[in-house]
file query_23.cif (mmCIF, C-alpha atoms)
data_structure
loop_
_atom_site.label_atom_id
_atom_site.label_comp_id
_atom_site.auth_asym_id
_atom_site.auth_seq_id
_atom_site.Cartn_x
_atom_site.Cartn_y
_atom_site.Cartn_z
CA MET A 1324 71.21 -70.06 -6.22
CA ILE A 1325 73.56 -71.31 -3.57
CA GLY A 1326 72.09 -70.71 -0.12
CA GLY A 1327 74.15 -69.36 2.73
CA LEU A 1328 74.81 -71.13 6.00
CA TYR A 1329 72.45 -68.80 7.89
CA ARG A 1330 69.86 -70.39 10.21
CA PRO A 1331 66.88 -68.11 10.76
CA GLY A 1332 65.96 -67.34 14.36
CA ASP A 1333 65.12 -64.62 16.85
CA SER A 1334 67.58 -65.32 19.65
CA PRO A 1335 69.61 -62.65 21.46
CA ILE A 1336 72.57 -63.67 19.32
CA HIS A 1337 70.56 -63.29 16.11
CA ARG A 1338 69.52 -59.81 17.23
CA MET A 1339 73.07 -58.61 17.95
CA LYS A 1340 74.52 -56.20 15.40
CA PRO A 1341 76.72 -58.05 12.85
CA GLY A 1342 79.58 -55.64 13.49
CA ALA A 1343 79.38 -56.33 17.24
CA LYS A 1344 79.42 -60.09 16.62
CA LEU A 1345 82.47 -59.83 14.38
CA LEU A 1346 84.25 -57.69 16.97
CA ALA A 1347 83.34 -60.18 19.72
CA LEU A 1348 84.66 -63.01 17.56
CA LEU A 1349 87.91 -61.12 16.97
CA LEU A 1350 88.38 -60.49 20.71
CA PHE A 1351 87.55 -64.12 21.47
CA ALA A 1352 90.15 -65.30 18.93
CA ILE A 1353 92.81 -62.97 20.35
CA GLY A 1354 91.99 -64.20 23.84
CA MET A 1355 92.19 -67.84 22.80
CA LEU A 1356 95.56 -67.35 21.13
CA ALA A 1357 96.98 -65.22 23.95
CA PHE A 1358 96.65 -67.83 26.71
CA SER A 1359 98.52 -71.10 26.37
CA SER A 1360 96.71 -73.10 29.00
CA PRO A 1361 94.42 -76.03 28.23
CA LEU A 1362 92.24 -74.89 31.12
CA ILE A 1363 91.51 -71.52 29.53
CA ALA A 1364 91.11 -73.12 26.09
CA GLY A 1365 88.64 -75.57 27.67
CA ALA A 1366 86.74 -72.70 29.25
CA GLY A 1367 86.64 -70.98 25.86
CA LEU A 1368 85.27 -74.15 24.28
CA ALA A 1369 82.60 -74.41 26.99
CA LEU A 1370 81.69 -70.75 26.46
CA ALA A 1371 81.41 -71.18 22.67
CA SER A 1372 79.35 -74.37 23.11
CA LEU A 1373 76.98 -72.78 25.61
CA ALA A 1374 76.37 -69.92 23.20
CA TYR A 1375 74.71 -72.37 20.76
CA PRO A 1376 71.60 -73.04 22.89
CA ILE A 1377 71.41 -69.29 23.59
CA GLY A 1378 71.41 -68.81 19.81
CA GLY A 1379 68.56 -71.32 19.54
CA LEU A 1380 70.83 -73.88 17.87
CA SER A 1381 71.03 -77.53 18.84
CA TRP A 1382 74.16 -79.41 19.92
CA ARG A 1383 73.85 -81.36 16.70
CA ILE A 1384 74.37 -78.16 14.70
CA ALA A 1385 77.28 -77.25 16.98
CA PHE A 1386 78.90 -80.62 16.37
CA ALA A 1387 78.31 -80.28 12.63
CA GLN A 1388 80.64 -77.24 12.69
CA ILE A 1389 83.50 -79.28 14.12
CA ARG A 1390 82.90 -82.52 12.25
CA PRO A 1391 84.60 -81.64 8.93
CA LEU A 1392 87.79 -80.81 10.85
CA LEU A 1393 87.53 -83.43 13.58
CA LEU A 1394 89.94 -85.81 11.89
CA VAL A 1395 92.53 -83.05 11.42
CA LEU A 1396 92.16 -82.05 15.07
CA ILE A 1397 92.58 -85.62 16.28
CA VAL A 1398 95.70 -86.06 14.14
CA LEU A 1399 97.02 -82.78 15.53
CA LEU A 1400 96.36 -84.00 19.08
CA ALA A 1401 98.11 -87.31 18.39
CA VAL A 1402 101.15 -85.75 16.71
CA GLN A 1403 101.55 -83.16 19.46
CA THR A 1404 101.25 -85.79 22.16
CA TRP A 1405 103.93 -87.79 20.39
CA LEU A 1406 106.29 -84.87 19.68
CA VAL A 1407 105.71 -82.56 22.64
CA SER A 1408 103.27 -83.56 25.34
CA PHE A 1409 99.64 -84.49 25.79
CA GLU A 1410 99.03 -81.11 27.38
CA ALA A 1411 100.29 -79.26 24.29
CA GLY A 1412 98.09 -81.44 22.07
CA LEU A 1413 95.05 -80.90 24.24
CA LEU A 1414 95.62 -77.12 24.20
CA LEU A 1415 95.57 -77.04 20.38
CA PHE A 1416 92.59 -79.37 20.15
CA LEU A 1417 90.50 -77.29 22.56
CA ARG A 1418 91.67 -73.98 21.11
CA PHE A 1419 90.76 -74.84 17.53
CA ALA A 1420 87.49 -76.47 18.49
CA ALA A 1421 86.55 -73.28 20.39
CA LEU A 1422 87.58 -70.97 17.52
CA ILE A 1423 85.73 -73.03 14.92
CA LEU A 1424 82.59 -73.17 17.07
CA ALA A 1425 82.65 -69.43 17.74
CA ALA A 1426 83.26 -68.51 14.10
CA GLY A 1427 80.54 -70.94 13.04
CA LEU A 1428 78.10 -69.35 15.48
CA VAL A 1429 78.56 -65.90 13.92
CA THR A 1430 78.04 -67.37 10.46
CA LEU A 1431 74.94 -69.34 11.49
CA THR A 1432 73.21 -66.44 13.24
CA THR A 1433 73.92 -63.59 10.81
CA LYS A 1434 72.15 -63.08 7.48
CA THR A 1435 74.47 -63.02 4.47
CA GLY A 1436 72.94 -59.71 3.39
CA ASP A 1437 73.72 -58.14 6.79
CA LEU A 1438 77.31 -59.30 6.58
CA VAL A 1439 77.62 -57.85 3.07
CA GLU A 1440 76.33 -54.53 4.42
CA THR A 1441 78.78 -54.66 7.31
CA LEU A 1442 81.57 -55.45 4.89
CA GLU A 1443 80.65 -52.43 2.76
CA ARG A 1444 80.42 -50.17 5.80
CA GLY A 1445 83.74 -51.50 7.04
CA LEU A 1446 85.29 -50.61 3.69
CA SER A 1447 83.89 -47.07 3.52
CA PRO A 1448 86.80 -45.48 5.49
CA PHE A 1449 89.07 -46.81 2.76
CA ALA A 1450 87.23 -44.74 0.13
CA ARG A 1451 89.98 -42.11 0.34
CA PHE A 1452 92.47 -44.77 -0.76
CA GLY A 1453 90.45 -45.45 -3.88
CA VAL A 1454 88.17 -48.23 -2.63
CA ASP A 1455 84.79 -47.69 -4.24
CA THR A 1456 82.12 -49.41 -2.14
CA ALA A 1457 79.52 -49.19 -4.90
CA LYS A 1458 81.85 -51.19 -7.12
CA VAL A 1459 82.49 -53.70 -4.34
CA SER A 1460 78.72 -54.19 -4.00
CA LEU A 1461 78.38 -54.61 -7.75
CA ALA A 1462 81.15 -57.23 -7.75
CA ILE A 1463 79.55 -59.17 -4.86
CA SER A 1464 76.11 -59.26 -6.41
CA LEU A 1465 77.49 -60.13 -9.86
CA ALA A 1466 79.56 -62.99 -8.43
CA ILE A 1467 76.52 -64.46 -6.65
CA ARG A 1468 74.46 -64.07 -9.83
CA PHE A 1469 77.16 -65.70 -12.00
CA MET A 1470 77.37 -68.96 -10.02
CA PRO A 1471 74.25 -70.63 -11.48
CA VAL A 1472 75.10 -69.20 -14.91
CA ILE A 1473 78.51 -70.86 -14.85
CA ALA A 1474 76.94 -74.17 -13.85
CA ALA A 1475 74.53 -73.92 -16.81
CA VAL A 1476 77.27 -73.01 -19.32
CA PHE A 1477 79.42 -75.83 -17.99
CA SER A 1478 76.72 -78.47 -18.49
CA ASP A 1479 76.19 -77.18 -22.08
CA ILE A 1480 79.86 -77.53 -22.84
CA ARG A 1481 80.12 -80.94 -21.25
CA GLU A 1482 77.27 -82.18 -23.45
CA ALA A 1483 78.91 -80.74 -26.55
CA GLN A 1484 82.28 -82.29 -25.68
CA ALA A 1485 80.66 -85.61 -24.77
CA ALA A 1486 79.29 -85.75 -28.31
CA ARG A 1487 82.91 -85.53 -29.49
CA GLY A 1488 84.06 -88.03 -26.88
CA ARG A 1489 86.15 -85.31 -25.22
CA ASP A 1490 84.23 -84.86 -21.97
CA ARG A 1491 86.88 -86.62 -19.86
CA SER A 1492 89.57 -84.06 -20.64
CA ALA A 1493 89.86 -81.22 -18.13
CA ILE A 1494 91.46 -78.97 -20.75
CA ALA A 1495 88.80 -79.66 -23.39
CA LEU A 1496 86.17 -78.62 -20.84
CA ALA A 1497 87.95 -75.68 -19.22
CA VAL A 1498 89.13 -73.77 -22.31
CA PRO A 1499 85.75 -73.42 -24.07
CA LEU A 1500 84.10 -72.74 -20.71
CA ILE A 1501 86.46 -69.89 -19.86
CA VAL A 1502 86.42 -68.40 -23.37
CA ARG A 1503 82.63 -68.40 -23.34
CA LEU A 1504 82.55 -66.82 -19.90
CA LEU A 1505 84.98 -64.10 -21.01
CA LYS A 1506 82.83 -63.27 -24.06
CA MET A 1507 79.78 -63.20 -21.81
CA GLY A 1508 81.64 -60.92 -19.38
CA ASP A 1509 82.42 -58.42 -22.13
CA GLU A 1510 78.79 -58.38 -23.23
CA ILE A 1511 77.57 -57.86 -19.68
CA ALA A 1512 80.09 -55.06 -19.08
CA GLU A 1513 78.91 -53.30 -22.25
CA ALA A 1514 75.29 -53.71 -21.19
CA ILE A 1515 75.99 -52.25 -17.72
CA ASP A 1516 77.91 -49.31 -19.19
CA ALA A 1517 75.18 -48.68 -21.79
CA ARG A 1518 72.55 -48.37 -19.07
CA SER A 1519 74.42 -46.10 -16.71
CA MET B 1039 88.53 -49.48 -12.39
CA ALA B 1040 86.34 -50.05 -15.44
CA THR B 1041 83.04 -51.94 -15.35
CA ARG B 1042 84.68 -54.61 -17.50
CA ASP B 1043 87.28 -55.27 -14.80
CA ILE B 1044 84.59 -55.54 -12.11
CA VAL B 1045 82.66 -58.03 -14.24
CA PHE B 1046 85.74 -60.20 -14.79
CA ILE B 1047 86.66 -60.06 -11.10
CA ALA B 1048 83.14 -61.24 -10.20
CA LEU B 1049 83.09 -63.83 -12.97
CA PHE B 1050 86.28 -65.52 -11.79
CA ALA B 1051 85.25 -65.40 -8.13
CA ALA B 1052 82.15 -67.30 -9.25
CA LEU B 1053 84.31 -69.70 -11.30
CA MET B 1054 86.36 -70.35 -8.18
CA ALA B 1055 83.11 -71.28 -6.43
CA ALA B 1056 82.17 -73.56 -9.34
CA LEU B 1057 85.52 -75.36 -9.04
CA GLY B 1058 84.59 -76.17 -5.45
CA LEU B 1059 81.60 -78.17 -6.67
CA PHE B 1060 83.72 -80.84 -8.35
CA PRO B 1061 84.00 -83.90 -6.18
CA PRO B 1062 87.62 -84.41 -5.11
CA LEU B 1063 89.56 -86.95 -7.16
CA MET B 1064 91.18 -89.65 -5.08
CA ILE B 1065 94.69 -90.85 -5.88
CA PRO B 1066 94.27 -94.63 -6.04
CA GLY B 1067 95.94 -96.42 -3.16
CA LEU B 1068 96.92 -93.28 -1.26
CA GLY B 1069 93.54 -91.87 -0.38
CA ILE B 1070 94.71 -88.31 -0.94
CA PRO B 1071 92.05 -86.01 -2.33
CA ILE B 1072 92.88 -83.74 -5.26
CA THR B 1073 90.47 -80.82 -5.33
CA ALA B 1074 89.87 -78.82 -8.48
CA GLN B 1075 89.58 -75.64 -6.44
CA SER B 1076 93.27 -75.21 -5.70
CA MET B 1077 93.77 -74.86 -9.46
CA GLY B 1078 91.74 -71.65 -9.22
CA PRO B 1079 94.53 -69.30 -8.11
CA MET B 1080 96.70 -70.40 -11.05
CA LEU B 1081 93.91 -69.89 -13.59
CA ILE B 1082 92.73 -66.62 -12.11
CA GLY B 1083 96.20 -65.07 -11.87
CA GLY B 1084 97.22 -66.41 -15.28
CA ILE B 1085 94.12 -65.19 -17.11
CA LEU B 1086 93.21 -61.96 -15.30
CA GLY B 1087 96.69 -60.73 -14.38
CA ALA B 1088 97.93 -59.55 -10.99
CA ARG B 1089 95.54 -56.78 -9.98
CA ARG B 1090 92.25 -58.24 -11.17
CA GLY B 1091 93.32 -61.76 -10.19
CA PHE B 1092 94.18 -60.72 -6.63
CA LEU B 1093 90.92 -58.78 -6.22
CA SER B 1094 88.94 -61.69 -7.66
CA MET B 1095 90.44 -64.06 -5.11
CA LEU B 1096 89.78 -61.57 -2.30
CA LEU B 1097 86.18 -61.34 -3.45
CA PHE B 1098 85.88 -65.13 -3.39
CA LEU B 1099 87.32 -65.28 0.13
CA ALA B 1100 84.95 -62.50 1.23
CA LEU B 1101 82.01 -64.54 -0.07
CA VAL B 1102 83.26 -67.54 1.91
CA ALA B 1103 83.71 -65.36 5.01
CA ILE B 1104 80.15 -64.03 4.88
CA GLY B 1105 78.85 -67.57 5.11
CA MET B 1106 78.57 -69.02 1.64
CA PRO B 1107 79.60 -72.71 1.58
CA LEU B 1108 81.88 -72.32 -1.42
CA LEU B 1109 85.04 -74.12 -0.36
CA SER B 1110 85.31 -77.65 -1.73
CA GLY B 1111 83.29 -80.05 0.37
CA GLY B 1112 80.74 -77.29 1.04
CA ARG B 1113 82.74 -75.61 3.77
CA GLY B 1114 82.47 -71.90 4.41
CA GLY B 1115 81.87 -69.21 6.94
CA LEU B 1116 84.38 -67.58 9.25
CA ALA B 1117 85.38 -70.96 10.66
CA ALA B 1118 87.32 -71.62 7.46
CA PHE B 1119 89.68 -68.76 8.37
CA VAL B 1120 90.71 -69.81 11.87
CA GLY B 1121 91.64 -73.47 11.42
CA PRO B 1122 95.10 -75.02 11.33
CA TRP B 1123 94.89 -75.35 7.53
CA SER B 1124 93.58 -71.84 6.88
CA GLY B 1125 97.00 -70.58 5.76
CA PHE B 1126 96.43 -72.32 2.44
CA ILE B 1127 93.40 -70.23 1.55
CA TYR B 1128 95.23 -67.03 2.53
CA GLY B 1129 97.99 -68.31 0.26
CA TRP B 1130 95.52 -68.47 -2.65
CA ALA B 1131 95.16 -64.68 -2.76
CA LEU B 1132 98.92 -64.10 -2.70
CA ALA B 1133 99.43 -66.85 -5.30
CA ALA B 1134 96.95 -65.23 -7.71
CA LEU B 1135 98.82 -61.94 -7.28
CA VAL B 1136 102.28 -63.41 -7.88
CA ILE B 1137 101.18 -65.61 -10.79
CA GLY B 1138 99.42 -62.65 -12.40
CA PHE B 1139 102.47 -60.46 -11.92
CA LEU B 1140 104.84 -63.01 -13.49
CA ILE B 1141 102.49 -63.91 -16.36
CA GLU B 1142 102.22 -60.21 -17.23
CA ARG B 1143 106.02 -60.00 -17.34
CA VAL B 1144 106.39 -62.85 -19.87
CA TRP B 1145 103.11 -62.20 -21.70
CA SER B 1146 104.52 -61.69 -25.20
CA ARG B 1147 106.69 -64.81 -24.90
CA LEU B 1148 104.18 -66.92 -22.99
CA ASP B 1149 104.33 -70.63 -23.82
CA PHE B 1150 103.42 -73.80 -21.96
CA VAL B 1151 106.82 -74.15 -20.28
CA ARG B 1152 106.80 -70.61 -18.88
CA ALA B 1153 103.15 -70.87 -17.83
CA PHE B 1154 103.87 -74.19 -16.12
CA GLY B 1155 106.94 -72.81 -14.33
CA ILE B 1156 104.98 -69.81 -13.07
CA SER B 1157 102.03 -71.98 -12.01
CA VAL B 1158 104.36 -74.22 -10.03
CA LEU B 1159 106.16 -71.30 -8.44
CA GLY B 1160 102.98 -69.46 -7.48
CA GLY B 1161 100.40 -72.21 -7.19
CA ILE B 1162 102.65 -74.54 -5.21
CA GLY B 1163 105.59 -72.44 -3.95
CA ILE B 1164 103.60 -69.46 -2.67
CA ILE B 1165 100.61 -71.43 -1.40
CA TYR B 1166 102.79 -73.81 0.61
CA GLY B 1167 105.01 -70.86 1.52
CA VAL B 1168 102.05 -69.36 3.38
CA GLY B 1169 100.20 -72.54 4.36
CA VAL B 1170 103.08 -74.48 5.89
CA PRO B 1171 104.37 -71.72 8.23
CA TRP B 1172 100.76 -71.00 9.27
CA TYR B 1173 100.20 -74.67 10.08
CA SER B 1174 103.53 -74.82 11.84
CA ALA B 1175 102.78 -71.70 13.92
CA MET B 1176 99.28 -72.92 14.76
CA SER B 1177 100.31 -76.44 15.66
CA GLY B 1178 103.70 -75.72 17.22
CA MET B 1179 105.20 -78.27 14.86
CA GLY B 1180 108.54 -77.61 13.14
CA LEU B 1181 108.39 -76.31 9.57
CA VAL B 1182 110.06 -79.35 8.06
CA GLU B 1183 107.98 -81.79 10.10
CA ALA B 1184 104.79 -79.99 9.15
CA PHE B 1185 105.71 -80.24 5.49
CA THR B 1186 107.00 -83.79 5.30
CA GLY B 1187 104.45 -85.05 7.83
CA SER B 1188 101.46 -84.72 5.59
CA MET B 1189 101.60 -82.07 2.95
CA ILE B 1190 104.28 -83.52 0.69
CA ALA B 1191 101.74 -86.13 -0.38
CA PHE B 1192 99.73 -83.45 -2.17
CA ILE B 1193 102.60 -82.32 -4.39
CA PRO B 1194 102.07 -84.83 -7.26
CA GLY B 1195 98.44 -83.76 -7.56
CA ASP B 1196 99.48 -80.12 -7.47
CA LEU B 1197 101.93 -80.69 -10.32
CA ILE B 1198 99.14 -82.21 -12.43
CA LYS B 1199 96.98 -79.20 -11.65
CA ALA B 1200 99.78 -76.80 -12.60
CA GLY B 1201 100.07 -78.63 -15.93
CA ILE B 1202 96.35 -78.35 -16.66
CA ALA B 1203 96.30 -74.70 -15.57
CA ALA B 1204 99.32 -73.87 -17.77
CA ALA B 1205 97.70 -75.48 -20.83
CA VAL B 1206 94.46 -73.59 -20.18
CA ILE B 1207 96.27 -70.26 -19.61
CA VAL B 1208 98.14 -70.58 -22.92
CA ALA B 1209 95.02 -71.66 -24.84
CA VAL B 1210 92.91 -68.83 -23.40
CA LYS B 1211 95.67 -66.33 -24.22
CA ARG B 1212 95.43 -67.40 -27.87
CA ALA B 1213 91.65 -67.41 -27.99
CA TYR B 1214 90.70 -64.44 -25.83
CA PRO B 1215 93.62 -62.49 -24.34
CA LEU B 1216 92.70 -60.21 -21.44
CA ILE B 1217 96.08 -59.00 -20.25
CA THR B 1218 97.35 -55.94 -22.11
CA PRO B 1219 101.03 -56.47 -22.81
CA GLN B 1220 102.12 -52.98 -21.75
CA LEU B 1221 105.01 -54.25 -19.67
CA SER B 1222 106.51 -56.50 -22.30
CA ARG B 1223 106.06 -53.82 -24.97
CA SER B 1224 108.45 -51.53 -23.15
CA ARG B 1225 111.10 -54.21 -23.45
CA ALA B 1226 110.75 -54.69 -27.20
#

call {"tool": "encode", "arguments": {"input": "query_23.cif", "output": "structure tokens"}}
result
Amino acid sequence: MIGGLYRPGDSPIHRMKPGAKLLALLLFAIGMLAFSSPLIAGAGLALASLAYPIGGLSWRIAFAQIRPLLLVLIVLLAVQTWLVSFEAGLLLFLRFAALILAAGLVTLTTKTGDLVETLERGLSPFARFGVDTAKVSLAISLAIRFMPVIAAVFSDIREAQAARGRDRSAIALAVPLIVRLLKMGDEIAEAIDARS
Amino acid sequence: MATRDIVFIALFAALMAALGLFPPLMIPGLGIPITAQSMGPMLIGGILGARRGFLSMLLFLALVAIGMPLLSGGRGGLAAFVGPWSGFIYGWALAALVIGFLIERVWSRLDFVRAFGISVLGGIGIIYGVGVPWYSAMSGMGLVEAFTGSMIAFIPGDLIKAGIAAAVIVAVKRAYPLITPQLSRSRA
């Protein structure tokens, strides 16, 4: 099973309601995009960074959120400095770093299960438009359950195609994989319907 | 929506996640990564059709948003939705919808050429159509500069992916068709 990005803890941020955290993140993002001043973006970045120790998370974890995008951000800073001004580049750099840190913090401090629940609750007002939350839950749990199954089926097929010397061809791997998954899907759907 | 549709939506969201596990292929000499995952919207739209394909991609994005590291390179969480490149993953959902819609329209006459054309239109046209303006708006860079500056280098890889996706879509249609050709029947 693929684990989430959640880091267990008991900090004030961990204890906040998931819905409240998502709302706070939304307001933070609106605020960051509304003001075009590097000073305010810098303050936002400081705020998001300081929230990590409050959440019981180290600076190393905070930096790990930014690292995958650091190169992109540096290129953005350089291109903006070249095309517009250093100030414009700095604004974007600080703004994105702050947004990524804040979004990462919500992800790190909220259990996947709690977010799924919040998602379902958030969808319930849409029930009158034909959104069935029970079916959404079923789809989420099935998708999570299918991931290791797909990996297992794929390694079977790769072995079989390797025996034929065809394991380097994307098409020779993808077609039997998908056809087998579709057959499996039909069987599972029949099994679910037979039980209910 | 029938149980069968829910199962297929979940199955392809999981397949999208599985595509993220493949290590990116590097184009020799250019250092540009080709990820298998961006082939997902073409396959999902082309095999499931518009409605199920779109919902499957939304489900995948929801799983990413709730903190599962399913994007290629193990990225995930809400941070993936606020970056300068995030327009591309929003584009995936729209691409699956458009590809599904077009594939349904040509279903009875579907061949490699049509599947390839639709994959290019949706999987490249739509995805860049969302991703480039997003990047441009987020970075303040002009549309043309944003495109030629960096993204144009990914186009050859995307064309290869559209070719693979088209071949798979046609082969799966022959072996295990899922789309009911109600729309093309009305034409005949």

call {"tool": "closest_atom_pairs", "arguments": {"input": "query_23.cif", "of": "chain A", "to": "chain B", "cutoff": "8 Å", "atoms": "all atoms listed in the file", "output": "Markdown table"}}
result
| residue | atom | partner | partner_atom | distance |
| --- | --- | --- | --- | --- |
| A:Ile1325 | CA | B:Met1106 | CA | 7.6 |
| A:Gly1326 | CA | B:Met1106 | CA | 6.9 |
| A:Gly1327 | CA | B:Met1106 | CA | 4.6 |
| A:Leu1328 | CA | B:Gly1105 | CA | 5.5 |
| A:Tyr1329 | CA | B:Gly1105 | CA | 7.1 |
| A:Leu1399 | CA | B:Ser1177 | CA | 7.1 |
| A:Gln1403 | CA | B:Met1179 | CA | 7.6 |
| A:Leu1415 | CA | B:Ser1177 | CA | 6.7 |
| A:Phe1419 | CA | B:Gly1121 | CA | 6.3 |
| A:Leu1422 | CA | B:Val1120 | CA | 6.6 |
| A:Ile1423 | CA | B:Ala1117 | CA | 4.7 |
| A:Leu1424 | CA | B:Ala1117 | CA | 7.3 |
| A:Ala1425 | CA | B:Ala1117 | CA | 7.7 |
| A:Ala1426 | CA | B:Ala1117 | CA | 4.7 |
| A:Gly1427 | CA | B:Ala1117 | CA | 5.4 |
| A:Val1429 | CA | B:Leu1116 | CA | 7.6 |
| A:Thr1430 | CA | B:Gly1105 | CA | 5.4 |
| A:Leu1431 | CA | B:Gly1105 | CA | 7.7 |
| A:Thr1435 | CA | B:Ile1104 | CA | 5.8 |
| A:Leu1438 | CA | B:Ile1104 | CA | 5.8 |
| A:Val1439 | CA | B:Ile1104 | CA | 6.9 |
| A:Lys1458 | CA | B:Ile1044 | CA | 7.2 |
| A:Leu1461 | CA | B:Ile1044 | CA | 7.6 |
| A:Ala1462 | CA | B:Ala1048 | CA | 5.1 |
| A:Ile1463 | CA | B:Ala1048 | CA | 6.8 |
| A:Leu1465 | CA | B:Ala1048 | CA | 5.8 |
| A:Ala1466 | CA | B:Ala1048 | CA | 4.4 |
| A:Ile1467 | CA | B:Ala1052 | CA | 6.8 |
| A:Phe1469 | CA | B:Ala1052 | CA | 5.9 |
| A:Met1470 | CA | B:Ala1052 | CA | 5.1 |
| A:Ile1473 | CA | B:Leu1053 | CA | 6.9 |
| A:Ala1474 | CA | B:Ala1056 | CA | 6.9 |
| A:Ala1493 | CA | B:Ile1202 | CA | 7.2 |
| A:Ile1494 | CA | B:Val1206 | CA | 6.2 |
| A:Ala1497 | CA | B:Val1206 | CA | 6.9 |
| A:Val1498 | CA | B:Val1206 | CA | 5.7 |
| A:Ile1501 | CA | B:Val1210 | CA | 7.4 |
| A:Val1502 | CA | B:Tyr1214 | CA | 6.3 |
| A:Leu1504 | CA | B:Leu1049 | CA | 7.6 |
| A:Leu1505 | CA | B:Phe1046 | CA | 7.4 |
| A:Gly1508 | CA | B:Val1045 | CA | 6.0 |
| A:Asp1509 | CA | B:Arg1042 | CA | 6.4 |
| A:Ile1511 | CA | B:Val1045 | CA | 7.5 |
| A:Ala1512 | CA | B:Arg1042 | CA | 4.9 |
| A:Glu1513 | CA | B:Arg1042 | CA | 7.6 |
| A:Ile1515 | CA | B:Thr1041 | CA | 7.4 |
| A:Asp1516 | CA | B:Thr1041 | CA | 6.9 |

call {"tool": "residues_near_point", "arguments": {"input": "query_23.cif", "point": "(106.5, -74.3, -14.2)", "cutoff": "12 Å", "atoms": "all atoms listed in the file", "output": "PDB file with C-alpha atoms, in the frame of the given file"}}
result
ATOM      1  CA  MET B1080      96.700 -70.400 -11.050  1.00  0.00           C
ATOM      2  CA  ILE B1137     101.180 -65.610 -10.790  1.00  0.00           C
ATOM      3  CA  LEU B1140     104.840 -63.010 -13.490  1.00  0.00           C
ATOM      4  CA  ILE B1141     102.490 -63.910 -16.360  1.00  0.00           C
ATOM      5  CA  LEU B1148     104.180 -66.920 -22.990  1.00  0.00           C
ATOM      6  CA  ASP B1149     104.330 -70.630 -23.820  1.00  0.00           C
ATOM      7  CA  PHE B1150     103.420 -73.800 -21.960  1.00  0.00           C
ATOM      8  CA  VAL B1151     106.820 -74.150 -20.280  1.00  0.00           C
ATOM      9  CA  ARG B1152     106.800 -70.610 -18.880  1.00  0.00           C
ATOM     10  CA  ALA B1153     103.150 -70.870 -17.830  1.00  0.00           C
ATOM     11  CA  PHE B1154     103.870 -74.190 -16.120  1.00  0.00           C
ATOM     12  CA  GLY B1155     106.940 -72.810 -14.330  1.00  0.00           C
ATOM     13  CA  ILE B1156     104.980 -69.810 -13.070  1.00  0.00           C
ATOM     14  CA  SER B1157     102.030 -71.980 -12.010  1.00  0.00           C
ATOM     15  CA  VAL B1158     104.360 -74.220 -10.030  1.00  0.00           C
ATOM     16  CA  LEU B1159     106.160 -71.300  -8.440  1.00  0.00           C
ATOM     17  CA  GLY B1160     102.980 -69.460  -7.480  1.00  0.00           C
ATOM     18  CA  GLY B1161     100.400 -72.210  -7.190  1.00  0.00           C
ATOM     19  CA  ILE B1162     102.650 -74.540  -5.210  1.00  0.00           C
ATOM     20  CA  GLY B1163     105.590 -72.440  -3.950  1.00  0.00           C
ATOM     21  CA  ASP B1196      99.480 -80.120  -7.470  1.00  0.00           C
ATOM     22  CA  LEU B1197     101.930 -80.690 -10.320  1.00  0.00           C
ATOM     23  CA  ILE B1198      99.140 -82.210 -12.430  1.00  0.00           C
ATOM     24  CA  LYS B1199      96.980 -79.200 -11.650  1.00  0.00           C
ATOM     25  CA  ALA B1200      99.780 -76.800 -12.600  1.00  0.00           C
ATOM     26  CA  GLY B1201     100.070 -78.630 -15.930  1.00  0.00           C
ATOM     27  CA  ILE B1202      96.350 -78.350 -16.660  1.00  0.00           C
ATOM     28  CA  ALA B1203      96.300 -74.700 -15.570  1.00  0.00           C
ATOM     29  CA  ALA B1204      99.320 -73.870 -17.770  1.00  0.00           C
ATOM     30  CA  ALA B1205      97.700 -75.480 -20.830  1.00  0.00           C
TER      31      ALA B1205
END

call {"tool": "closest_residue", "arguments": {"input": "query_23.cif", "among": "A:Arg1468, A:Arg1451, A:Leu1356, A:Ser1460", "to": "Leu1417 in chain A", "atoms": "only C-alpha atoms"}}
result
A:Leu1356

call {"tool": "resolve_selection", "arguments": {"input": "query_23.cif", "expression": "the PyMOL selection byres ((chain A and resi 1342) around 10)", "output": "number ranges by chain"}}
result
A: 1339-1341, 1343-1348, 1437-1438, 1440-1442, 1444-1445

call {"tool": "atom_distance", "arguments": {"input": "query_23.cif", "atom1": "CA of Ile1217 in chain B", "atom2": "CA of Ile1082 in chain B"}}
result
11.6 Å

call {"tool": "atom_distance", "arguments": {"input": "query_23.cif", "atom1": "CA of Pro1331 in chain A", "atom2": "CA of Ala1371 in chain A"}}
result
19.0 Å

call {"tool": "atom_distance", "arguments": {"input": "query_23.cif", "atom1": "CA of Val1182 in chain B", "atom2": "CA of Tyr1166 in chain B"}}
result
11.8 Å

call {"tool": "residues_around", "arguments": {"input": "query_23.cif", "residues": "Gly1379 in chain A", "least_positions_apart": "5", "cutoff": "12 Å", "atoms": "only C-alpha atoms", "output": "PyMOL selection string"}}
result
chain A and resi 1330-1338+1372-1374+1384-1385+1428+1431-1432

call {"tool": "resolve_selection", "arguments": {"input": "query_23.cif", "expression": "the PyMOL selection byres ((chain A and resi 1363) around 12)", "output": "list in words"}}
result
Phe1351, Gly1354, Met1355, Leu1356, Ala1357, Phe1358, Ser1359, Ser1360, Pro1361, Leu1362, Ala1364, Gly1365, Ala1366, Gly1367, Leu1368, Ala1369, Leu1370, Leu1413, Leu1414, Leu1415, Leu1417, Arg1418 and Ala1421 of chain A

call {"tool": "resolve_selection", "arguments": {"input": "query_23.cif", "expression": "the PyMOL selection byres ((chain B and resi 1172) around 8)", "output": "short mmCIF file (atom, residue, chain, number, x, y, z; two decimals) with C-alpha atoms, in the frame of the given file"}}
result
data_model
loop_
_atom_site.label_atom_id
_atom_site.label_comp_id
_atom_site.auth_asym_id
_atom_site.auth_seq_id
_atom_site.Cartn_x
_atom_site.Cartn_y
_atom_site.Cartn_z
CA PRO B 1122 95.10 -75.02 11.33
CA TRP B 1123 94.89 -75.35 7.53
CA SER B 1124 93.58 -71.84 6.88
CA GLY B 1125 97.00 -70.58 5.76
CA VAL B 1168 102.05 -69.36 3.38
CA GLY B 1169 100.20 -72.54 4.36
CA VAL B 1170 103.08 -74.48 5.89
CA PRO B 1171 104.37 -71.72 8.23
CA TYR B 1173 100.20 -74.67 10.08
CA SER B 1174 103.53 -74.82 11.84
CA ALA B 1175 102.78 -71.70 13.92
CA MET B 1176 99.28 -72.92 14.76
#
